[in-house]
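Everything below belongs to my_file.txt, which stores compact mmCIF, C-alpha atoms and all ligand atoms.
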```txt
# COMPACT_ATOMS: atom_id res chain seq x y z
CA MET G 18 102.34 -113.43 115.36
CA ARG G 19 99.87 -112.36 112.71
CA ILE G 20 97.01 -114.36 111.25
CA VAL G 21 96.08 -113.32 107.73
CA SER G 22 93.49 -114.77 105.37
CA VAL G 23 93.77 -114.46 101.63
CA MET G 24 90.32 -114.71 100.15
CA ASN G 25 87.85 -113.60 97.56
CA MET G 26 84.40 -114.80 96.62
CA LYS G 27 85.65 -114.96 93.07
CA GLY G 28 87.71 -117.85 91.77
CA GLY G 29 90.91 -117.71 89.81
CA VAL G 30 91.99 -114.24 90.90
CA GLY G 31 95.37 -115.38 92.23
CA LYS G 32 94.60 -116.19 95.87
CA SER G 33 96.73 -119.33 96.07
CA THR G 34 99.49 -117.83 93.96
CA SER G 35 99.61 -114.79 96.24
CA VAL G 36 99.74 -116.92 99.39
CA CYS G 37 102.59 -119.04 98.06
CA MET G 38 104.76 -116.24 96.76
CA LEU G 39 104.17 -114.23 99.89
CA ALA G 40 105.09 -117.18 102.11
CA GLU G 41 108.27 -117.85 100.16
CA ALA G 42 109.34 -114.22 100.02
CA LEU G 43 108.70 -113.63 103.73
CA ALA G 44 110.55 -116.79 104.72
CA SER G 45 113.48 -116.70 102.32
CA GLN G 46 113.98 -112.94 101.97
CA ALA G 47 112.97 -111.67 105.39
CA SER G 48 113.77 -114.72 107.55
CA MET G 49 110.22 -114.98 108.84
CA ARG G 50 108.70 -118.20 110.08
CA VAL G 51 105.60 -118.81 108.02
CA LEU G 52 102.82 -121.37 108.34
CA VAL G 53 100.48 -121.80 105.39
CA VAL G 54 97.14 -123.47 106.04
CA ASP G 55 95.35 -124.61 102.90
CA LEU G 56 91.58 -124.44 103.33
CA ASP G 57 90.70 -125.26 99.75
CA PRO G 58 89.79 -128.83 98.63
CA GLN G 59 91.37 -127.93 95.27
CA SER G 60 94.65 -128.11 97.24
CA ASN G 61 96.41 -125.68 94.91
CA ALA G 62 98.53 -123.93 97.52
CA SER G 63 99.51 -127.33 98.93
CA MET G 64 100.69 -128.63 95.58
CA ILE G 65 102.41 -125.37 94.65
CA LEU G 66 104.35 -125.29 97.92
CA CYS G 67 105.30 -128.92 98.48
CA GLY G 68 104.98 -130.61 95.11
CA LEU G 69 102.82 -133.51 94.09
CA ASP G 70 104.88 -136.35 95.62
CA LYS G 71 105.10 -134.81 99.05
CA TRP G 72 101.42 -133.95 98.93
CA SER G 73 100.51 -137.56 98.07
CA GLU G 74 102.74 -138.82 100.87
CA LEU G 75 101.06 -136.50 103.39
CA ARG G 76 97.68 -137.57 102.12
CA GLU G 77 98.52 -141.25 102.50
CA SER G 78 99.85 -140.77 106.02
CA GLU G 79 96.76 -138.73 106.89
CA ARG G 80 98.69 -135.62 107.85
CA THR G 81 96.17 -133.32 106.24
CA LEU G 82 93.78 -130.66 107.43
CA ASP G 83 90.78 -132.88 106.74
CA SER G 84 92.27 -135.67 108.84
CA TYR G 85 92.80 -133.20 111.64
CA PHE G 86 89.18 -132.10 111.64
CA ALA G 87 87.87 -135.60 110.97
CA GLN G 88 89.12 -136.54 114.47
CA PHE G 89 86.54 -134.23 115.93
CA VAL G 90 83.76 -135.11 113.54
CA HIS G 91 84.26 -138.88 113.51
CA GLY G 92 85.83 -139.17 116.94
CA SER G 93 89.03 -140.99 116.02
CA GLU G 94 92.25 -141.18 118.07
CA PRO G 95 93.26 -137.56 118.65
CA ARG G 96 96.59 -136.33 117.33
CA ARG G 97 97.86 -132.85 118.00
CA PHE G 98 97.85 -130.13 115.40
CA HIS G 99 101.62 -129.83 115.10
CA GLU G 100 101.77 -133.44 113.87
CA PHE G 101 99.82 -132.33 110.81
CA ILE G 102 102.31 -129.65 109.85
CA ALA G 103 104.78 -130.48 107.07
CA PRO G 104 107.92 -128.48 107.88
CA ARG G 105 110.03 -126.50 105.38
CA VAL G 106 108.33 -127.63 102.23
CA SER G 107 109.42 -124.95 99.78
CA ASP G 108 111.75 -125.72 96.87
CA ILE G 109 113.76 -122.59 97.60
CA GLN G 110 117.36 -123.11 98.71
CA GLY G 111 118.36 -122.73 102.34
CA GLU G 112 115.27 -124.41 103.79
CA PRO G 113 113.31 -121.25 104.58
CA VAL G 114 110.62 -121.74 107.20
CA VAL G 115 107.61 -122.27 104.98
CA ASP G 116 105.59 -124.86 106.89
CA LEU G 117 102.36 -126.22 105.54
CA VAL G 118 99.14 -127.93 106.48
CA VAL G 119 97.85 -129.45 103.28
CA ALA G 120 94.29 -129.77 102.12
CA THR G 121 92.98 -132.64 100.00
CA PRO G 122 89.83 -133.06 97.92
CA GLU G 123 88.34 -134.97 100.90
CA PHE G 124 88.24 -131.71 102.79
CA ARG G 125 84.82 -130.91 101.39
CA TYR G 126 83.39 -134.07 102.99
CA VAL G 127 84.62 -133.07 106.43
CA GLU G 128 82.63 -129.88 106.26
CA ARG G 129 79.57 -131.75 105.02
CA ASP G 130 79.93 -134.45 107.67
CA ALA G 131 80.41 -131.90 110.43
CA LEU G 132 77.21 -130.15 109.41
CA ASP G 133 75.35 -133.42 109.11
CA LYS G 134 76.47 -134.80 112.46
CA PHE G 135 76.11 -131.69 114.57
CA ILE G 136 72.80 -130.65 113.10
CA ARG G 137 71.43 -134.11 113.86
CA GLN G 138 72.55 -133.53 117.43
CA GLY G 139 70.42 -130.42 117.48
CA PHE G 140 73.02 -127.73 116.85
CA THR G 141 72.20 -124.79 114.61
CA ILE G 142 74.41 -123.91 111.64
CA ALA G 143 75.65 -120.92 113.60
CA ALA G 144 76.63 -123.21 116.47
CA VAL G 145 78.48 -125.58 114.13
CA GLN G 146 80.24 -122.59 112.65
CA GLU G 147 81.25 -121.42 116.08
CA ARG G 148 82.49 -124.85 117.03
CA LEU G 149 84.66 -125.20 113.91
CA THR G 150 86.01 -121.71 114.44
CA ARG G 151 86.95 -122.57 118.00
CA LEU G 152 88.62 -125.80 116.92
CA MET G 153 90.64 -124.03 114.29
CA ALA G 154 91.57 -121.18 116.62
CA SER G 155 92.85 -123.52 119.29
CA ALA G 156 94.76 -125.53 116.68
CA VAL G 157 96.56 -122.42 115.46
CA GLU G 158 97.08 -121.20 118.98
CA SER G 159 98.82 -124.45 119.89
CA VAL G 160 101.60 -123.73 117.38
CA ALA G 161 101.51 -119.92 117.41
CA SER G 162 104.82 -119.49 119.20
CA ASN G 163 106.62 -121.24 116.33
CA TYR G 164 105.57 -118.68 113.72
CA ASP G 165 105.66 -115.01 112.83
CA VAL G 166 102.76 -115.28 110.44
CA VAL G 167 100.01 -117.75 109.60
CA LEU G 168 98.49 -117.49 106.14
CA PHE G 169 95.16 -119.07 105.24
CA ASP G 170 94.54 -119.84 101.60
CA CYS G 171 90.77 -119.80 101.29
CA PRO G 172 88.62 -121.44 98.64
CA PRO G 173 86.56 -119.29 96.30
CA GLY G 174 83.05 -118.68 97.60
CA ILE G 175 82.23 -118.98 101.25
CA SER G 176 82.66 -122.14 103.29
CA LEU G 177 82.41 -122.80 107.01
CA PHE G 178 86.18 -123.00 107.20
CA ALA G 179 86.67 -119.80 105.23
CA GLU G 180 84.24 -118.10 107.61
CA ALA G 181 86.25 -119.43 110.51
CA ALA G 182 89.42 -118.08 108.92
CA ILE G 183 87.95 -114.57 108.58
CA THR G 184 86.82 -114.69 112.17
CA MET G 185 90.33 -115.57 113.32
CA SER G 186 92.19 -113.14 111.09
CA GLU G 187 93.61 -109.79 112.01
CA TYR G 188 94.00 -108.93 108.34
CA VAL G 189 92.29 -110.06 105.17
CA VAL G 190 93.98 -109.76 101.79
CA ILE G 191 91.65 -109.74 98.79
CA PRO G 192 93.44 -110.42 95.52
CA THR G 193 91.54 -109.11 92.53
CA ILE G 194 92.02 -108.84 88.79
CA PRO G 195 91.40 -105.22 87.77
CA ASP G 196 88.32 -105.69 85.63
CA TYR G 197 84.60 -105.25 85.99
CA VAL G 198 83.58 -108.82 86.73
CA SER G 199 86.22 -109.19 89.42
CA ARG G 200 85.02 -105.91 90.86
CA LEU G 201 81.64 -107.53 91.54
CA GLY G 202 83.39 -110.28 93.46
CA ILE G 203 85.11 -107.87 95.81
CA PHE G 204 81.97 -106.01 96.68
CA ALA G 205 80.11 -109.22 97.35
CA PHE G 206 82.68 -110.48 99.71
CA ARG G 207 83.95 -107.33 101.41
CA ARG G 208 80.74 -106.68 103.31
CA ARG G 209 81.11 -109.92 105.09
CA ALA G 210 84.73 -109.30 105.93
CA VAL G 211 83.96 -105.78 107.15
CA ARG G 212 81.25 -107.07 109.48
CA SER G 213 83.56 -109.66 110.96
CA MET G 214 86.33 -107.09 111.39
CA GLU G 215 84.05 -104.58 113.04
CA LYS G 216 82.73 -107.15 115.49
CA ARG G 217 86.27 -107.54 116.70
CA ARG G 218 86.89 -103.78 116.80
CA PHE G 219 89.12 -103.76 113.77
CA THR G 220 88.42 -101.35 110.97
CA GLU G 221 88.18 -101.61 107.22
CA ASP G 222 91.85 -100.69 107.21
CA ASN G 223 92.56 -104.32 108.02
CA ILE G 224 91.11 -105.37 104.68
CA LEU G 225 93.72 -105.00 101.98
CA THR G 226 93.04 -105.29 98.27
CA LEU G 227 95.81 -106.70 96.11
CA ILE G 228 95.67 -106.06 92.38
CA THR G 229 96.75 -109.19 90.51
CA LYS G 230 97.26 -110.41 86.97
CA TYR G 231 97.63 -106.85 85.77
CA ASP G 232 98.11 -106.61 82.02
CA PRO G 233 99.43 -103.27 80.73
CA ASN G 234 98.13 -104.12 77.26
CA ILE G 235 94.55 -104.14 78.49
CA VAL G 236 93.65 -100.47 78.68
CA LEU G 237 90.72 -101.12 80.97
CA HIS G 238 93.01 -102.66 83.60
CA GLU G 239 94.60 -99.27 84.19
CA SER G 240 91.19 -97.59 84.48
CA GLU G 241 90.03 -100.18 86.99
CA VAL G 242 93.25 -99.91 89.02
CA GLN G 243 92.51 -96.21 89.52
CA SER G 244 88.96 -96.98 90.65
CA LEU G 245 90.09 -99.71 93.04
CA ARG G 246 92.67 -97.40 94.55
CA SER G 247 90.07 -94.73 95.17
CA ASP G 248 87.49 -97.15 96.61
CA PHE G 249 89.58 -99.47 98.75
CA LYS G 250 92.76 -99.71 100.72
CA THR G 251 95.07 -101.29 98.18
CA PHE G 252 98.66 -102.45 98.09
CA ASP G 253 100.87 -100.02 96.16
CA VAL G 254 102.51 -102.96 94.51
CA VAL G 255 100.59 -104.44 91.57
CA ILE G 256 101.18 -108.08 90.64
CA PRO G 257 101.52 -108.30 86.86
CA GLN G 258 100.36 -111.12 84.65
CA ASN G 259 103.75 -112.77 84.41
CA GLU G 260 105.16 -115.92 82.90
CA ASN G 261 107.56 -116.62 85.79
CA ILE G 262 104.83 -116.25 88.38
CA ALA G 263 102.76 -118.83 86.52
CA ARG G 264 105.81 -121.11 86.19
CA ALA G 265 106.62 -120.81 89.90
CA GLY G 266 103.46 -122.86 90.49
CA GLU G 267 105.33 -125.97 89.41
CA TRP G 268 107.41 -127.33 92.26
CA ALA G 269 111.03 -128.15 91.36
CA GLU G 270 112.80 -131.32 92.54
CA THR G 271 116.12 -129.51 92.82
CA PRO G 272 116.12 -126.52 95.17
CA ARG G 273 116.72 -123.15 93.50
CA SER G 274 117.33 -119.61 94.62
CA PHE G 275 114.45 -117.18 95.06
CA ASP G 276 115.68 -115.21 92.05
CA GLN G 277 115.91 -118.33 89.91
CA LYS G 278 112.40 -119.30 90.84
CA TYR G 279 110.70 -115.97 90.28
CA GLY G 280 112.98 -114.68 87.51
CA ASP G 281 112.05 -111.20 86.31
CA ALA G 282 109.18 -111.13 88.84
CA ALA G 283 111.47 -111.63 91.86
CA GLY G 284 111.71 -107.90 92.53
CA ILE G 285 107.95 -107.44 92.49
CA VAL G 286 107.37 -110.44 94.75
CA ARG G 287 109.96 -109.09 97.20
CA GLN G 288 108.28 -105.70 97.10
CA PHE G 289 104.92 -107.32 97.79
CA ALA G 290 106.33 -109.09 100.83
CA ALA G 291 107.99 -105.91 102.13
CA GLU G 292 104.78 -103.92 101.77
CA PHE G 293 102.83 -106.73 103.40
CA GLN G 294 105.17 -106.67 106.39
CA GLU G 295 104.71 -102.95 106.70
CA LYS G 296 100.93 -103.01 106.28
CA VAL G 297 100.24 -105.81 108.76
CA GLY G 298 102.76 -104.55 111.29
CA LEU G 299 105.41 -107.23 110.94
CA LEU G 300 108.48 -105.01 110.73
CA MET O 24 127.36 -104.20 64.66
CA MET O 25 124.35 -101.89 64.84
CA GLU O 26 126.48 -99.12 66.23
CA LYS O 27 128.97 -99.43 63.40
CA THR O 28 126.22 -99.39 60.79
CA LEU O 29 124.60 -96.31 62.29
CA LYS O 30 127.93 -94.51 62.55
CA SER O 31 128.72 -95.02 58.90
CA LEU O 32 125.18 -94.05 57.83
CA MET O 33 125.36 -90.86 59.89
CA ALA O 34 128.71 -90.01 58.34
CA ILE O 35 127.15 -90.25 54.86
CA VAL O 36 124.15 -88.12 55.94
CA ALA O 37 126.43 -85.50 57.51
CA GLU O 38 128.54 -85.28 54.37
CA GLU O 39 125.43 -84.87 52.19
CA VAL O 40 124.08 -82.13 54.50
CA GLY O 41 127.37 -80.27 54.00
CA ASN O 42 127.22 -80.52 50.21
CA ASN O 43 123.49 -80.37 49.50
CA ARG O 44 121.40 -77.43 50.70
CA VAL O 45 118.06 -78.84 49.50
CA PHE O 46 118.71 -82.08 51.32
CA ALA O 47 119.74 -80.20 54.48
CA ARG O 48 116.51 -78.16 54.45
CA LYS O 49 114.39 -81.27 53.89
CA LEU O 50 116.06 -83.01 56.80
CA GLU O 51 115.56 -80.01 59.05
CA ASP O 52 111.84 -79.76 58.20
CA GLU O 53 111.34 -83.42 58.92
CA LEU O 54 113.14 -83.19 62.28
CA ILE O 55 110.97 -80.22 63.30
CA LYS O 56 107.81 -82.05 62.28
CA GLN O 57 108.80 -85.15 64.25
CA ALA O 58 109.59 -83.06 67.33
CA ASN O 59 106.22 -81.28 67.07
CA ASP O 60 104.33 -84.55 66.76
CA LEU O 61 106.14 -85.90 69.78
CA THR O 62 105.36 -82.82 71.86
CA LYS O 63 101.69 -83.00 70.86
CA ALA O 64 101.48 -86.67 71.74
CA ARG O 65 103.09 -85.96 75.11
CA GLU O 66 100.73 -83.09 75.83
CA LEU O 67 97.77 -85.26 74.95
CA GLU O 68 99.02 -88.06 77.17
CA GLU O 69 99.43 -85.62 80.03
CA GLN O 70 95.78 -84.66 79.75
CA ILE O 71 94.71 -88.29 79.85
CA SER O 72 96.96 -90.35 82.06
CA GLY O 73 96.25 -90.44 85.76
CA PHE O 74 92.84 -88.89 85.14
CA ASN O 75 89.82 -91.09 85.75
CA PRO O 76 86.39 -89.44 85.44
CA ASN O 77 84.78 -92.16 87.57
CA VAL O 78 87.13 -91.42 90.41
CA VAL O 79 86.79 -87.64 90.08
CA PHE O 80 83.00 -87.89 90.06
CA LYS O 81 82.96 -89.95 93.23
CA GLU O 82 85.40 -87.64 94.97
CA SER O 83 84.16 -84.24 93.89
CA GLY O 84 80.76 -84.74 92.27
CA GLU O 85 79.33 -83.49 89.00
CA ASP O 86 80.65 -79.95 89.34
CA GLY O 87 84.09 -81.17 90.21
CA LEU O 88 84.16 -83.40 87.15
CA LYS O 89 82.83 -80.62 84.90
CA GLN O 90 85.60 -78.39 86.14
CA ALA O 91 88.21 -81.07 85.55
CA LEU O 92 87.04 -81.65 81.98
CA LYS O 93 87.11 -77.96 81.09
CA ASN O 94 90.74 -77.58 80.17
CA ARG O 95 91.09 -80.78 78.22
CA SER O 96 91.11 -80.88 74.44
CA VAL O 97 88.45 -82.73 72.45
CA ALA O 98 91.12 -85.19 71.33
CA ALA O 99 91.98 -85.87 74.97
CA LEU O 100 88.32 -86.24 75.93
CA LYS O 101 87.82 -88.78 73.16
CA GLN O 102 90.72 -90.84 74.45
CA ILE O 103 89.40 -90.59 77.99
CA VAL O 104 86.06 -92.00 76.84
CA ALA O 105 87.82 -94.86 75.11
CA ARG O 106 90.18 -95.69 77.97
CA HIS O 107 87.50 -95.85 80.61
CA ASN O 108 84.87 -97.46 78.42
CA LEU O 109 82.44 -94.61 78.99
CA ASP O 110 80.54 -95.01 75.73
CA PRO O 111 80.07 -98.76 75.32
CA SER O 112 77.19 -98.37 72.82
CA ASN O 113 78.97 -95.72 70.78
CA GLN O 114 76.34 -93.04 71.27
CA LEU O 115 78.88 -90.43 70.32
CA GLY O 116 79.07 -91.75 66.77
CA GLY O 117 81.14 -89.94 64.18
CA ARG O 118 80.21 -86.32 64.87
CA VAL O 119 81.76 -85.40 68.13
CA THR O 120 81.24 -82.00 69.72
CA ARG O 121 82.76 -80.90 72.97
CA GLY O 122 79.35 -80.47 74.60
CA LYS O 123 78.20 -83.93 73.59
CA ILE O 124 81.34 -85.65 74.74
CA VAL O 125 81.32 -83.90 78.12
CA GLU O 126 77.68 -84.92 78.54
CA ILE O 127 78.47 -88.54 77.78
CA ILE O 128 81.30 -88.55 80.31
CA LEU O 129 79.15 -86.98 83.02
CA ILE O 130 76.32 -89.44 82.49
CA ALA O 131 78.64 -92.45 82.46
CA ALA O 132 80.48 -91.36 85.61
CA GLU O 133 77.23 -90.75 87.45
CA LYS O 134 75.86 -94.15 86.42
CA ARG O 135 79.01 -95.82 87.56
CA ALA O 136 78.93 -94.05 90.94
CA LYS O 137 75.29 -95.03 91.48
CA ARG O 138 75.94 -98.60 90.51
CA ASP O 139 78.94 -98.84 92.83
CA ALA O 140 76.90 -97.39 95.69
CA LYS O 141 74.46 -100.25 95.17
CA LEU O 142 77.31 -102.74 95.02
CA PHE O 143 78.56 -101.57 98.38
CA ASP O 144 75.21 -102.84 99.63
CA TYR O 145 75.34 -106.15 97.79
N1 LIG G 401 100.44 -112.94 88.29
C1 LIG G 401 100.17 -114.02 87.57
N2 LIG G 401 100.74 -114.17 86.35
C2 LIG G 401 100.45 -115.26 85.60
N3 LIG G 401 99.63 -116.24 85.97
C3 LIG G 401 99.05 -116.15 87.18
C4 LIG G 401 99.28 -115.04 88.04
N4 LIG G 401 98.55 -115.22 89.17
C5 LIG G 401 97.90 -116.38 89.01
N5 LIG G 401 98.19 -116.95 87.83
C6 LIG G 401 97.63 -118.20 87.28
O1 LIG G 401 96.22 -118.04 87.26
C7 LIG G 401 95.56 -119.22 87.69
C8 LIG G 401 94.70 -118.95 88.91
O2 LIG G 401 95.57 -118.57 89.97
P1 LIG G 401 95.30 -119.09 91.45
O3 LIG G 401 95.08 -120.55 91.45
O4 LIG G 401 96.37 -118.52 92.30
O5 LIG G 401 93.93 -118.34 91.74
P2 LIG G 401 92.92 -118.61 92.94
O6 LIG G 401 92.23 -117.34 93.19
O7 LIG G 401 93.62 -119.25 94.07
O8 LIG G 401 91.92 -119.66 92.27
P3 LIG G 401 90.75 -120.49 93.03
O9 LIG G 401 89.63 -119.55 93.21
O10 LIG G 401 90.44 -121.58 92.08
O11 LIG G 401 91.32 -120.96 94.33
C9 LIG G 401 96.65 -120.22 87.95
O12 LIG G 401 96.78 -121.01 86.79
C10 LIG G 401 97.89 -119.39 88.18
O13 LIG G 401 99.07 -120.05 87.79
MG MG G 402 93.17 -121.04 95.11
```

Output the file's structure as structure tokens, nothing else.
Amino acid sequence: MRIVSVMNMKGGVGKSTSVCMLAEALASQASMRVLVVDLDPQSNASMILCGLDKWSELRESERTLDSYFAQFVHGSEPRRFHEFIAPRVSDIQGEPVVDLVVATPEFRYVERDALDKFIRQGFTIAAVQERLTRLMASAVESVASNYDVVLFDCPPGISLFAEAAITMSEYVVIPTIPDYVSRLGIFAFRRRAVRSMEKRRFTEDNILTLITKYDPNIVLHESEVQSLRSDFKTFDVVIPQNENIARAGEWAETPRSFDQKYGDAAGIVRQFAAEFQEKVGLL
Amino acid sequence: MMEKTLKSLMAIVAEEVGNNRVFARKLEDELIKQANDLTKARELEEQISGFNPNVVFKESGEDGLKQALKNRSVAALKQIVARHNLDPSNQLGGRVTRGKIVEIILIAAEKRAKRDAKLFDY
């Protein structure tokens, strides 16, 4: 089983989109069992993968990541992690194993409350961080045998939970738009990821840059792609700015085939998943 | 439909070429000119695509970049500047000499490398 975080300091670079298409391609095209854990209060990956109705239902029945952590912060009746997992949520035909732990906007309060409570009890921020990391690690461990890969969709910026995700991950994927401003985002964030990797005796090779939203009509994109390739370990596949990828974000009531869903981008998404499998050692 | 239209047009052109020497010559000249333009455009593109001065500077330094710029035409160098945004304040202006353009590229690539080195330390 592999644990992989998809993150970038910068917002809007295609983190959630990458997580969702990767999860669906791995599960439906390569028969892998995938668990997606949404760590972002924006809940984008959750809504993309399971649709608005299912998400609301999970939220009402408190089967969300914030409810899971709230047990430890507020000390409510403990339920086990697997009860928080929504199975086979994708709208792709054949019920591929894309399982999901949804986030909700309340997720940001859990982090705040955890800090508040534990710091009052005399813990340092580092200790709170360590505690959350341990909680998350044991949660994932408790279901590890059911999955081939666990994908964390991280929020932009750095949060305690995103930090925990890096600490648990064997690989980090950094989606980036090939332009100057996005370049700043990568540099800012990479250092942190490198440090965490090195602590655990991994190398920078475990940090993979994914070029997203590539637009062949923007000349500078090509220039920046060349620079990124020379500076970082990048995926060969480049995710283009593409109408069908944007449309795939809207969950469909009636299941559809992978090719129907991703249209002219299906080939690229498949290629991305195949290269991912190869790069993270999942073949 | 398109195919049919083209076929009948070509038949008319072919007949005219057979009957009209002046027309035939004109057509020939135009075809040669088009082919030349295409070759030139391809040659230019070959000098530009896949070449990124920022990358070359980082990998093989100032001398390496100088060397790599040597065999490229002024037209190609101009396009390289434009593609990689190496002259954002248009210091080159209208009068472009080879020396000036090479200088601009070297300065820009060095600045970029220095700035990136700082970014690695962000
Ligand atoms: N390859 C693409 N082609 C077209 N649209 C895309 C592509 N990738 C992402 N988008 C669109 O860009 C927007 C941002 O994408 P996404 O939400 O995946 O980014 P993010 O990095 O997760 O953002 P955030 O930092 O807010 O979490 C979305 O509206 C998404 O539909
Ligand atoms: Mg997101």

Compute the set of chain G residues within 7 Å of chain O, using only C-alpha atoms, and express it as a list of chain:residue names. G:Phe204, G:Ala205, G:Val236, G:Leu237, G:Ser240, G:Gln243, G:Ser244, G:Ser247

Neighbourhood of ligand MG 402 (chain G) at 10 Å, counting all atoms listed in the file, reported as a PyMOL selection string: chain G and resi 23-25+27-36+55-63+170-173

May I have the selected residues written with C-alpha atoms, as a PDB file, keeping the file's coordinate frame?
```pdb
ATOM      1  CA  VAL G  23      93.770-114.460 101.630  1.00  0.00           C
ATOM      2  CA  MET G  24      90.320-114.710 100.150  1.00  0.00           C
ATOM      3  CA  ASN G  25      87.850-113.600  97.560  1.00  0.00           C
ATOM      4  CA  LYS G  27      85.650-114.960  93.070  1.00  0.00           C
ATOM      5  CA  GLY G  28      87.710-117.850  91.770  1.00  0.00           C
ATOM      6  CA  GLY G  29      90.910-117.710  89.810  1.00  0.00           C
ATOM      7  CA  VAL G  30      91.990-114.240  90.900  1.00  0.00           C
ATOM      8  CA  GLY G  31      95.370-115.380  92.230  1.00  0.00           C
ATOM      9  CA  LYS G  32      94.600-116.190  95.870  1.00  0.00           C
ATOM     10  CA  SER G  33      96.730-119.330  96.070  1.00  0.00           C
ATOM     11  CA  THR G  34      99.490-117.830  93.960  1.00  0.00           C
ATOM     12  CA  SER G  35      99.610-114.790  96.240  1.00  0.00           C
ATOM     13  CA  VAL G  36      99.740-116.920  99.390  1.00  0.00           C
ATOM     14  CA  ASP G  55      95.350-124.610 102.900  1.00  0.00           C
ATOM     15  CA  LEU G  56      91.580-124.440 103.330  1.00  0.00           C
ATOM     16  CA  ASP G  57      90.700-125.260  99.750  1.00  0.00           C
ATOM     17  CA  PRO G  58      89.790-128.830  98.630  1.00  0.00           C
ATOM     18  CA  GLN G  59      91.370-127.930  95.270  1.00  0.00           C
ATOM     19  CA  SER G  60      94.650-128.110  97.240  1.00  0.00           C
ATOM     20  CA  ASN G  61      96.410-125.680  94.910  1.00  0.00           C
ATOM     21  CA  ALA G  62      98.530-123.930  97.520  1.00  0.00           C
ATOM     22  CA  SER G  63      99.510-127.330  98.930  1.00  0.00           C
ATOM     23  CA  ASP G 170      94.540-119.840 101.600  1.00  0.00           C
ATOM     24  CA  CYS G 171      90.770-119.800 101.290  1.00  0.00           C
ATOM     25  CA  PRO G 172      88.620-121.440  98.640  1.00  0.00           C
ATOM     26  CA  PRO G 173      86.560-119.290  96.300  1.00  0.00           C
TER      27      PRO G 173
END
```

Box for ligand LIG 401 (chain G): with edges along x, y and z, all listed atoms inside and 6 Å added on each side, what are the centre and edge lengths in Å to one decimal, as AutoDock Vina command-line options?
```
--center_x 95.2 --center_y -117.3 --center_z 90.0 --size_x 23.1 --size_y 20.6 --size_z 20.7
```

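Among the candidates G:Pro95, G:Phe135, G:Leu39, G:Ile65, the one nearest to G:Glu292 when counting all atoms listed in the file is G:Leu39.
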
Atom CA of G:Leu225 and atom CA of G:Phe252 are how many Å apart?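 So the two atoms, atom CA of G:Leu225 and atom CA of G:Phe252, lie 6.8 Å apart.
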
Mind checking which residues fall within 10 Å of O:Lys134, counting only C-alpha atoms, ignoring those fewer than 6 positions away in the same chain, and posting them as an MDAnalysis selection string? chainID O and resid 77 109 128 140

Just the residues within 7 Å of stretch 153-164 of chain G, please, counting all atoms listed in the file, with nothing from its chain fewer than 4 positions along; format it as a PyMOL selection string. chain G and resi 18+50-52+98-99+149+185

Find the distance between atom CA of G:Arg129 and atom CA of G:Phe89 and write it in Å to one decimal. 13.2 Å

Take atom CA of G:Val106 and atom CA of G:His91 and report the distance between them in Å, one decimal.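 Interatomic distance here is 28.9 Å.
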
Distance query G:Lys296 at most 10 Å, only C-alpha atoms, self and fewer than 2 positions along chain excluded, as an mmCIF file with C-alpha atoms, in the coordinates of the input:
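Just written: around.cif:
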```cif
data_model
loop_
_atom_site.group_PDB
_atom_site.id
_atom_site.type_symbol
_atom_site.label_atom_id
_atom_site.label_comp_id
_atom_site.auth_asym_id
_atom_site.auth_seq_id
_atom_site.Cartn_x
_atom_site.Cartn_y
_atom_site.Cartn_z
ATOM 1 C CA TYR G 188 94.000 -108.930 108.340
ATOM 2 C CA ASP G 222 91.850 -100.690 107.210
ATOM 3 C CA ASN G 223 92.560 -104.320 108.020
ATOM 4 C CA LEU G 225 93.720 -105.000 101.980
ATOM 5 C CA PHE G 252 98.660 -102.450 98.090
ATOM 6 C CA ALA G 290 106.330 -109.090 100.830
ATOM 7 C CA ALA G 291 107.990 -105.910 102.130
ATOM 8 C CA GLU G 292 104.780 -103.920 101.770
ATOM 9 C CA PHE G 293 102.830 -106.730 103.400
ATOM 10 C CA GLN G 294 105.170 -106.670 106.390
ATOM 11 C CA GLY G 298 102.760 -104.550 111.290
ATOM 12 C CA LEU G 299 105.410 -107.230 110.940
ATOM 13 C CA LEU G 300 108.480 -105.010 110.730
#
```

Which residues, written as number ranges by chain, have at least one atom at most 12 Å from G:Ala131, with only C-alpha atoms counted and residues fewer than 3 positions away on the same chain left out? G: 83, 86-92, 124-128, 134-138, 140-142, 144-149, 177-178

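The closest residue to ligand LIG 401 (chain G), picked from G:Glu295, G:Glu260, G:Glu100, G:Glu239 and counting all atoms listed in the file, is G:Glu260.
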
Residue nearest O:Arg135 among G:Glu112, G:Tyr197, G:Ile183, G:Ala44 (counting only C-alpha atoms): G:Tyr197

Serialized stretch 129-133 of chain G w/ N, CA and C atoms as a CSV table (one decimal), in the first residue's frame:
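Saved to selection-v6.csv:
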```
chain,number,residue,atom,x,y,z
G,129,ARG,N,-8.7,24.1,14.8
G,129,ARG,CA,-8.6,25.2,15.8
G,129,ARG,C,-8.9,24.7,17.2
G,130,ASP,N,-10.0,23.9,17.3
G,130,ASP,CA,-10.3,23.4,18.7
G,130,ASP,C,-9.2,22.5,19.3
G,131,ALA,N,-8.6,21.7,18.4
G,131,ALA,CA,-7.6,20.8,18.8
G,131,ALA,C,-6.4,21.7,19.4
G,132,LEU,N,-6.1,22.7,18.6
G,132,LEU,CA,-5.0,23.6,19.1
G,132,LEU,C,-5.3,24.2,20.4
G,133,ASP,N,-6.6,24.8,20.5
G,133,ASP,CA,-7.0,25.5,21.7
G,133,ASP,C,-7.0,24.5,22.9
```
